[in-house]
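Enquirer: The file below is protein-v2.csv, CSV, C-alpha atoms:
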```
chain,number,residue,atom,x,y,z
A,262,MET,CA,74.7,69.4,39.1
A,263,THR,CA,76.3,67.1,36.5
A,264,ASP,CA,78.1,63.8,37.4
A,265,VAL,CA,81.5,65.4,36.7
A,266,THR,CA,80.8,68.3,39.1
A,267,VAL,CA,79.7,65.9,41.9
A,268,LEU,CA,82.8,63.7,41.3
A,269,ASP,CA,85.0,66.8,41.3
A,270,LEU,CA,83.5,68.0,44.6
A,271,ALA,CA,83.8,64.6,46.2
A,272,ALA,CA,87.4,64.1,45.0
A,273,THR,CA,88.4,67.6,46.2
A,274,GLU,CA,86.8,67.0,49.6
A,275,SER,CA,88.5,63.6,50.0
A,276,SER,CA,92.0,64.7,48.9
A,277,PRO,CA,92.5,68.4,48.3
A,278,GLY,CA,96.3,68.1,47.9
A,279,LEU,CA,96.0,65.4,45.2
A,280,ARG,CA,93.3,67.3,43.4
A,281,ALA,CA,95.4,70.5,43.5
A,282,ALA,CA,98.3,68.8,41.7
A,283,PHE,CA,98.9,69.9,38.1
A,284,GLY,CA,97.4,67.5,35.6
A,285,VAL,CA,95.3,65.6,38.1
A,286,GLY,CA,91.6,65.9,37.2
A,287,PRO,CA,88.6,64.6,39.0
A,288,ASP,CA,88.6,61.3,37.1
A,289,THR,CA,92.3,60.6,38.0
A,290,THR,CA,91.8,61.6,41.6
A,291,ALA,CA,88.8,59.4,42.0
A,292,GLN,CA,90.6,56.4,40.4
A,293,LEU,CA,93.6,56.9,42.7
A,294,LEU,CA,91.3,57.1,45.8
A,295,VAL,CA,89.4,54.0,44.7
A,296,THR,CA,92.7,52.1,44.0
A,297,GLY,CA,94.2,53.2,47.3
A,298,GLY,CA,91.1,52.2,49.2
A,299,GLY,CA,90.8,53.0,52.8
A,300,ASN,CA,94.4,52.1,53.5
A,301,PRO,CA,96.8,54.8,52.1
A,302,ASP,CA,99.8,53.0,53.6
A,303,ARG,CA,99.5,50.5,50.7
A,304,LEU,CA,100.8,53.2,48.3
A,305,ARG,CA,103.9,54.6,50.1
A,306,THR,CA,106.1,54.6,47.0
A,307,ALA,CA,105.7,54.7,43.2
A,308,ALA,CA,106.9,51.1,43.1
A,309,SER,CA,104.1,49.9,45.4
A,310,PHE,CA,101.6,51.7,43.2
A,311,ALA,CA,103.0,50.1,40.1
A,312,ALA,CA,102.9,46.7,41.7
A,313,LEU,CA,99.3,47.2,42.7
A,314,CYS,CA,98.4,48.2,39.1
A,315,GLY,CA,100.3,45.3,37.6
A,316,ALA,CA,102.8,47.6,35.9
A,317,ALA,CA,105.9,46.7,37.9
A,318,PRO,CA,108.8,45.2,36.0
A,319,VAL,CA,109.4,41.4,36.4
A,320,PRO,CA,112.8,40.5,37.8
A,321,ASP,CA,114.9,38.3,35.5
A,322,SER,CA,114.7,35.4,37.9
A,323,GLN,CA,110.9,35.2,37.3
A,324,ARG,CA,110.7,35.6,33.6
A,325,GLN,CA,109.0,32.8,31.8
A,326,ASP,CA,110.4,33.4,28.3
A,327,GLN,CA,113.9,32.3,29.2
A,328,LEU,CA,115.2,28.8,28.2
A,329,PRO,CA,115.4,26.3,31.0
A,330,PRO,CA,118.9,25.2,32.1
A,331,PRO,CA,120.3,22.4,30.1
A,332,PRO,CA,120.1,18.9,31.6
A,333,PRO,CA,123.1,17.5,33.4
A,334,ARG,CA,125.6,15.6,31.4
A,335,ARG,CA,126.0,11.9,32.0
```
Kindly return the structure encoded in the file as structure tokens.
Expert:
Amino acid sequence: MTDVTVLDLAATESSPGLRAAFGVGPDTTAQLLVTGGGNPDRLRTAASFAALCGAAPVPDSQRQDQLPPPPPRR
């Protein structure tokens, strides 16, 4: 058996519904299972997965490229 076959069998056994989704191969399934870890409640929404991956948008209040407020007038 090749490594890909073993990975495919393990991914299908661990998460058959995810593996059956269109476009989700053994590599993607394995990465999602590793990222999710043993706690699938961490990834309830797409937003929580994006935050875990570091791909979530930064709110305007936290952006670092904005100018600071002007100093108070005297």
Enquirer: Near Leu294 of chain A, within 10 Å and counting only C-alpha atoms, which residues show up once chain neighbours fewer than 6 positions away are dropped, as a PyMOL selection string?
Expert: chain A and resi 272+275-276+279+300-301
Enquirer: Looking at all atoms listed in the file, which of A:Leu328, A:Asp288, A:Arg334, A:Ala312 is the one that sits closest to Asp264 of chain A?
Expert: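 Residue with the minimum atom-to-atom distance to Asp264 of chain A: A:Asp288.
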Enquirer: Using only C-alpha atoms, list the residues that have an atom at most 7 Å from (86.3, 64.9, 42.1), coordinates as in the file, as a list in words.
Expert: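 Residues satisfying the cut-off, written out: Val267, Leu268, Asp269, Leu270, Ala271, Ala272, Thr273, Pro287, Asp288, Thr290 and Ala291 of chain A.
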Enquirer: Interatomic distance between atom CA of Thr266 of chain A and atom CA of Leu293 of chain A?
Expert: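 Those two atoms sit 17.5 Å apart.
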Enquirer: For atom CA of Val265 of chain A and atom CA of Phe310 of chain A, determine how far apart the two atoms are, in Å to one decimal place.
Expert: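 Distance reported for this atom pair: 25.2 Å.
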Enquirer: Can you measure atom CA of Ala317 of chain A to atom CA of Val285 of chain A for me? One decimal in Å is fine.
Expert: 21.7 Å
Enquirer: Near Leu313 of chain A, within 9 Å and counting all atoms listed in the file, which residues show up once chain neighbours fewer than 4 positions away are dropped, as a list in words?
Expert: Thr296, Arg303, Leu304, Ala308, Ser309 and Ala317 of chain A
